[in-house]
Structure formats: C-alpha cells, structure tokens
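Undergrad: Pasting a structure here, questions to come.
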Amino acid sequence: MPQNKTEQPTKIPVHIGIIMDGNGRWAISRGLPRLAGHRAGTENLRRMIEACIDFGIRYLTIYAFSTENWGRPQEEVQGLLKIFENVIDRELQELSDMGVQLRHIGRLDGLKPSFQKKVMQAVDFTHHNQRLTLNIAFNYGGRDEIVCAIQNMIRDGVKPEAVTDELVGRYLFTAGARPRSDHSHLW
Ligand code: FPP
C-alpha cells in the first residue's frame with residue numbers, strides 16, 4: 001500500500017479478481033482445523049477491500065465458493081456458508097458506509113432460502129453505493145454461468161444473429177458492470 005502520493009502507481013486496474021486459496025494448508029500447517037483457515041482468510045478480505053478503495057479500483061471479485069466445492073465434507077461446506085452469513089451480519093453496515101456495493105455472482109437457487117434472502121437483502125441494501133463493487137462469487141462456476149446465460153437467452157427468445165458480445169454481457173452474472181472503456185483513467 002502506498003505510504004504517500006509519490007508511490008501511487010500510474011496504472012490502476014479497473015477490476016481485480018482474487019481466488020481464495022491456501023486457507024486449508026495455512027490451517028493444517030498450524031495444527032488448526034481447516035475452518036480456522038477459512039476464518040483467517042476471510043479476515044484478510046477487509047484489508048483487500050480497504051486497499052482497493054485507497055487505490056481507486058472499481059471492482060473486486062472474490063472467488064469464494066465454486067460449484068465443485070459442494071463435494072467437500074459437509075462440516076466444511078456448512079462452516080463456509082456460516083462464515084459468509086456472519087460476514088453479512090457483522091460487516092454489511094460498515095461496508096456500505098465505505099461505499100461498497102455488494103453483488104453476488106453465481107447461482108442462488110440451490111442454496112437454502114434463508115441464505116438466499118440474506119444475500120439478496122445485502123445486495124439490495126448496498127445497490128446505491130458507487131465506490132467499489134464487491135462481487136462475491138459463491139456457488140459459482142464458469143461453465144455454469146454460460147449455461148445460465150444461454151438458458152435465459154433462449155427463454156427470452158433471443159435470435160442467434162442477435163447474439164453479440166454486448167448482449168452476452170447482459171446475460172452474465174456481472175450484468176450492469178460498466179465496461180472498461182467507461183473507466184478511461186484506469187488501466
Ligand atoms: C480455498 O482454500 C478457500 C475456499 C474454497 C473457501 C473460501 C470461502 C470462504 C472463506 C467463505 C467466506 C466467503 C466470503 C466471501 C466472506 P482451500 O480450502 O482450497 O485451501 P487449500 O488449497 O489449502 O486446501
């Protein structure tokens with residue numbers, strides 16, 4: 001993190017993506033349960049969010065839970081769901097005060113109704129914020145996103161010749177995120 005203006009990098013990315021990884025190894029190497037690693041990894045998110053805001057980065061995507069992660073032991077899966085819920089309960093107001101808009105990318109259906117409701121309320125609560133868009137990829141899969149987009153295009157009766165780069169963007173989970181050309185001062 002820059003200590004003063006002269007250290008500010010000249011090229012700032014519009015969007016940074018972070019894949020949460022190594023939580024389990026971090027915990028095991030300390031003789032702790034894997035969930036302790038997931039909690040510690042989550043603590044780091046706060047610093048990442050603050051750093052993105054300091055640098056003027058517009059989008060931060062955190063890949064937290066893939067569609068494949070359902071194959072982990074039940075105790076770990078339930079613990080991860082709980083950690084995400086706790087983050088919303090504990091941090092939402094402060095994140096919103098910092099100007100963070102929370103968005104969920106991934107499939108909400110398939111998650112328990114109370115969880116879906118909490119995530120949707122958090123998204124709704126912060127939708128007016130403009131400083132940093134925080135995409136949480138939870139129950140997300142790249143192929144699954146394509147499947148969802150195609151299903152919805154077919155449902156909407158989109159003709160093959162109408163499928164363009166711009167249209168596909170409107171069917172992705174990130175729909176509504178402004179293109180890079182709208183951020184000409186950023187990289
Ligand atoms: C990767 O570490 C981490 C995960 C698969 C889960 C991360 C998700 C959370 C901590 C849930 C909370 C989410 C938010 C957004 C607050 P790993 O277990 O694959 O680590 P390893 O490679 O060392 O085994």
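Simple scheme: letters A, B, ... for chains in structure tokens order, numbers from 1 for residues in each chain, numbers from 1 for ligands in the order shown.
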Write as a VMD selection string the residues around ligand 1, taking 8 Å as the cut-off and counting only C-alpha atoms and all ligand atoms.
TA: chain A and resid 19 to 27 34 to 35 37 to 42 45 62 to 66 69 80 to 85 87 to 88 136 to 138
Undergrad: Show which residues sit within 8 Å of stretch 94-111 of chain A, as a PyMOL selection string. Count only C-alpha atoms, and ignore same-chain residues fewer than 5 positions away.
TA: chain A and resi 116+119+122-123+125-141+145+173-174
Undergrad: Hey, can you spit out that residue selection with N, CA, C and O atoms as an mmCIF file, in the first residue's frame?
TA:
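Wrote it out as out_7.cif, contents follow:
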data_model
loop_
_atom_site.group_PDB
_atom_site.id
_atom_site.type_symbol
_atom_site.label_atom_id
_atom_site.label_comp_id
_atom_site.auth_asym_id
_atom_site.auth_seq_id
_atom_site.Cartn_x
_atom_site.Cartn_y
_atom_site.Cartn_z
ATOM 1 N N GLN A 116 -30.409 -17.389 0.742
ATOM 2 C CA GLN A 116 -30.720 -16.594 -0.461
ATOM 3 C C GLN A 116 -31.258 -15.230 -0.070
ATOM 4 O O GLN A 116 -30.876 -14.210 -0.641
ATOM 5 N N VAL A 119 -28.547 -12.884 1.292
ATOM 6 C CA VAL A 119 -27.675 -12.364 0.227
ATOM 7 C C VAL A 119 -28.429 -11.305 -0.588
ATOM 8 O O VAL A 119 -27.907 -10.215 -0.865
ATOM 9 N N ALA A 122 -28.691 -8.092 1.292
ATOM 10 C CA ALA A 122 -27.405 -7.381 1.349
ATOM 11 C C ALA A 122 -27.130 -6.673 0.019
ATOM 12 O O ALA A 122 -26.669 -5.530 -0.020
ATOM 13 N N VAL A 123 -27.437 -7.353 -1.086
ATOM 14 C CA VAL A 123 -27.252 -6.762 -2.422
ATOM 15 C C VAL A 123 -28.145 -5.525 -2.552
ATOM 16 O O VAL A 123 -27.722 -4.457 -2.986
ATOM 17 N N PHE A 125 -29.467 -3.711 -0.132
ATOM 18 C CA PHE A 125 -29.083 -2.679 0.852
ATOM 19 C C PHE A 125 -27.947 -1.782 0.335
ATOM 20 O O PHE A 125 -27.873 -0.608 0.664
ATOM 21 N N THR A 126 -27.056 -2.359 -0.485
ATOM 22 C CA THR A 126 -25.859 -1.621 -0.911
ATOM 23 C C THR A 126 -25.913 -1.187 -2.379
ATOM 24 O O THR A 126 -24.934 -0.660 -2.896
ATOM 25 N N HIS A 127 -27.064 -1.398 -3.045
ATOM 26 C CA HIS A 127 -27.075 -1.234 -4.510
ATOM 27 C C HIS A 127 -26.766 0.193 -4.966
ATOM 28 O O HIS A 127 -26.320 0.404 -6.086
ATOM 29 N N HIS A 128 -26.978 1.177 -4.091
ATOM 30 C CA HIS A 128 -26.761 2.581 -4.494
ATOM 31 C C HIS A 128 -25.284 2.982 -4.359
ATOM 32 O O HIS A 128 -24.892 4.047 -4.817
ATOM 33 N N ASN A 129 -24.455 2.145 -3.718
ATOM 34 C CA ASN A 129 -23.057 2.538 -3.473
ATOM 35 C C ASN A 129 -22.237 2.477 -4.764
ATOM 36 O O ASN A 129 -22.441 1.602 -5.599
ATOM 37 N N GLN A 130 -21.280 3.393 -4.881
ATOM 38 C CA GLN A 130 -20.583 3.574 -6.161
ATOM 39 C C GLN A 130 -19.069 3.429 -6.068
ATOM 40 O O GLN A 130 -18.378 3.448 -7.064
ATOM 41 N N ARG A 131 -18.541 3.373 -4.852
ATOM 42 C CA ARG A 131 -17.084 3.469 -4.730
ATOM 43 C C ARG A 131 -16.383 2.197 -5.210
ATOM 44 O O ARG A 131 -15.469 2.225 -6.011
ATOM 45 N N LEU A 132 -16.800 1.094 -4.646
ATOM 46 C CA LEU A 132 -16.208 -0.201 -5.017
ATOM 47 C C LEU A 132 -17.333 -1.226 -5.142
ATOM 48 O O LEU A 132 -18.165 -1.343 -4.242
ATOM 49 N N THR A 133 -17.353 -1.926 -6.257
ATOM 50 C CA THR A 133 -18.297 -3.034 -6.393
ATOM 51 C C THR A 133 -17.572 -4.306 -5.981
ATOM 52 O O THR A 133 -16.536 -4.643 -6.551
ATOM 53 N N LEU A 134 -18.111 -4.958 -4.977
ATOM 54 C CA LEU A 134 -17.513 -6.188 -4.467
ATOM 55 C C LEU A 134 -18.362 -7.367 -4.937
ATOM 56 O O LEU A 134 -19.490 -7.556 -4.461
ATOM 57 N N ASN A 135 -17.855 -8.080 -5.930
ATOM 58 C CA ASN A 135 -18.565 -9.273 -6.421
ATOM 59 C C ASN A 135 -18.131 -10.461 -5.581
ATOM 60 O O ASN A 135 -16.934 -10.762 -5.523
ATOM 61 N N ILE A 136 -19.086 -11.104 -4.960
ATOM 62 C CA ILE A 136 -18.747 -12.342 -4.244
ATOM 63 C C ILE A 136 -19.218 -13.510 -5.103
ATOM 64 O O ILE A 136 -20.424 -13.684 -5.321
ATOM 65 N N ALA A 137 -18.249 -14.280 -5.593
ATOM 66 C CA ALA A 137 -18.599 -15.475 -6.355
ATOM 67 C C ALA A 137 -18.803 -16.608 -5.355
ATOM 68 O O ALA A 137 -17.855 -17.079 -4.731
ATOM 69 N N PHE A 138 -20.037 -16.999 -5.213
ATOM 70 C CA PHE A 138 -20.372 -18.027 -4.226
ATOM 71 C C PHE A 138 -21.364 -18.971 -4.889
ATOM 72 O O PHE A 138 -22.408 -18.556 -5.350
ATOM 73 N N ASN A 139 -21.038 -20.234 -4.937
ATOM 74 C CA ASN A 139 -21.764 -21.209 -5.750
ATOM 75 C C ASN A 139 -21.634 -20.794 -7.215
ATOM 76 O O ASN A 139 -22.604 -20.745 -7.957
ATOM 77 N N TYR A 140 -20.401 -20.484 -7.597
ATOM 78 C CA TYR A 140 -20.103 -20.001 -8.942
ATOM 79 C C TYR A 140 -19.285 -21.034 -9.725
ATOM 80 O O TYR A 140 -18.360 -21.644 -9.177
ATOM 81 N N GLY A 141 -19.627 -21.174 -10.981
ATOM 82 C CA GLY A 141 -18.816 -21.984 -11.901
ATOM 83 C C GLY A 141 -18.807 -21.278 -13.245
ATOM 84 O O GLY A 141 -19.850 -20.756 -13.671
ATOM 85 N N GLU A 145 -22.127 -20.404 -15.429
ATOM 86 C CA GLU A 145 -22.538 -19.046 -15.813
ATOM 87 C C GLU A 145 -22.961 -19.015 -17.288
ATOM 88 O O GLU A 145 -23.950 -18.385 -17.657
ATOM 89 N N PHE A 173 -23.503 -13.006 -14.974
ATOM 90 C CA PHE A 173 -23.815 -12.611 -13.591
ATOM 91 C C PHE A 173 -23.335 -11.188 -13.298
ATOM 92 O O PHE A 173 -23.817 -10.546 -12.382
ATOM 93 N N THR A 174 -22.354 -10.721 -14.068
ATOM 94 C CA THR A 174 -21.810 -9.366 -13.846
ATOM 95 C C THR A 174 -22.589 -8.299 -14.617
ATOM 96 O O THR A 174 -22.125 -7.164 -14.719
#
Undergrad: Given only C-alpha atoms as the basis, pick out the residue of A:Ala36, A:His15, A:Gln78, A:Asn86 nearest to A:Phe55.
TA: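 Closest to A:Phe55 of all the choices is A:His15.
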Undergrad: Name the residues of stretch 18-176 of chain A that fall into strand (DSSP E) according to DSSP on the backbone, using the chain letters and numbers of this document, as a count of residues only.
TA: 25
Undergrad: Could you tell me how far atom CA of A:Thr61 lies from atom CA of A:Gly142, in Å and to one decimal?
TA: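 Computing the Euclidean distance for atom CA of A:Thr61 and atom CA of A:Gly142 yields 13.5 Å.
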Undergrad: May I have the residues within 12 Å of stretch 152-160 of chain A as a list in words, using only C-alpha atoms and disregarding those fewer than 3 positions away in the same chain?
TA: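 These residues fall inside the cut-off: Glu145, Ile146, Val147, Cys148, Ala149, Val163, Thr164, Leu167, Val168, Gly169, Arg170, Tyr171, Leu172 and Phe173 of chain A.
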Undergrad: Got time to write the residues from that selection, N, CA and C atoms, as a compact mmCIF listing (two decimals), in the first residue's frame?
TA:
# COMPACT_ATOMS: atom_id res chain seq x y z
N GLU A 145 -22.13 -20.40 -15.43
CA GLU A 145 -22.54 -19.05 -15.81
C GLU A 145 -22.96 -19.02 -17.29
N ILE A 146 -22.19 -19.77 -18.12
CA ILE A 146 -22.54 -19.82 -19.55
C ILE A 146 -23.88 -20.54 -19.73
N VAL A 147 -24.05 -21.65 -18.98
CA VAL A 147 -25.31 -22.40 -19.06
C VAL A 147 -26.48 -21.49 -18.71
N CYS A 148 -26.35 -20.76 -17.60
CA CYS A 148 -27.41 -19.84 -17.15
C CYS A 148 -27.71 -18.81 -18.22
N ALA A 149 -26.64 -18.23 -18.79
CA ALA A 149 -26.82 -17.17 -19.78
C ALA A 149 -27.57 -17.72 -21.00
N VAL A 163 -27.09 -12.42 -31.07
CA VAL A 163 -26.10 -12.68 -30.01
C VAL A 163 -24.80 -11.94 -30.33
N THR A 164 -24.52 -10.93 -29.52
CA THR A 164 -23.30 -10.14 -29.69
C THR A 164 -22.55 -10.14 -28.37
N LEU A 167 -24.53 -8.20 -25.88
CA LEU A 167 -25.72 -8.91 -25.38
C LEU A 167 -25.33 -9.98 -24.37
N VAL A 168 -24.27 -10.74 -24.71
CA VAL A 168 -23.81 -11.79 -23.78
C VAL A 168 -23.50 -11.16 -22.42
N GLY A 169 -22.85 -10.00 -22.45
CA GLY A 169 -22.52 -9.30 -21.20
C GLY A 169 -23.74 -9.04 -20.35
N ARG A 170 -24.87 -8.80 -21.01
CA ARG A 170 -26.10 -8.51 -20.27
C ARG A 170 -26.70 -9.76 -19.63
N TYR A 171 -26.24 -10.94 -20.08
CA TYR A 171 -26.76 -12.18 -19.51
C TYR A 171 -25.80 -12.83 -18.52
N LEU A 172 -24.63 -12.23 -18.36
CA LEU A 172 -23.68 -12.81 -17.39
C LEU A 172 -24.05 -12.33 -15.98
N PHE A 173 -23.50 -13.01 -14.97
CA PHE A 173 -23.82 -12.61 -13.59
C PHE A 173 -23.34 -11.19 -13.30
Undergrad: Using only C-alpha atoms for the distances, tell me which of A:Ile18, A:Pro73, A:Arg30, A:Glu68 is nearest to A:Met48.
TA: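 Residue with the minimum atom-to-atom distance to A:Met48: A:Ile18.
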Undergrad: If I take atom CA of A:Lys11 and atom CA of A:Arg47, how far is one from the other in Å, to one decimal?
TA: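 Straight-line distance from atom CA of A:Lys11 to atom CA of A:Arg47 works out to 20.5 Å.
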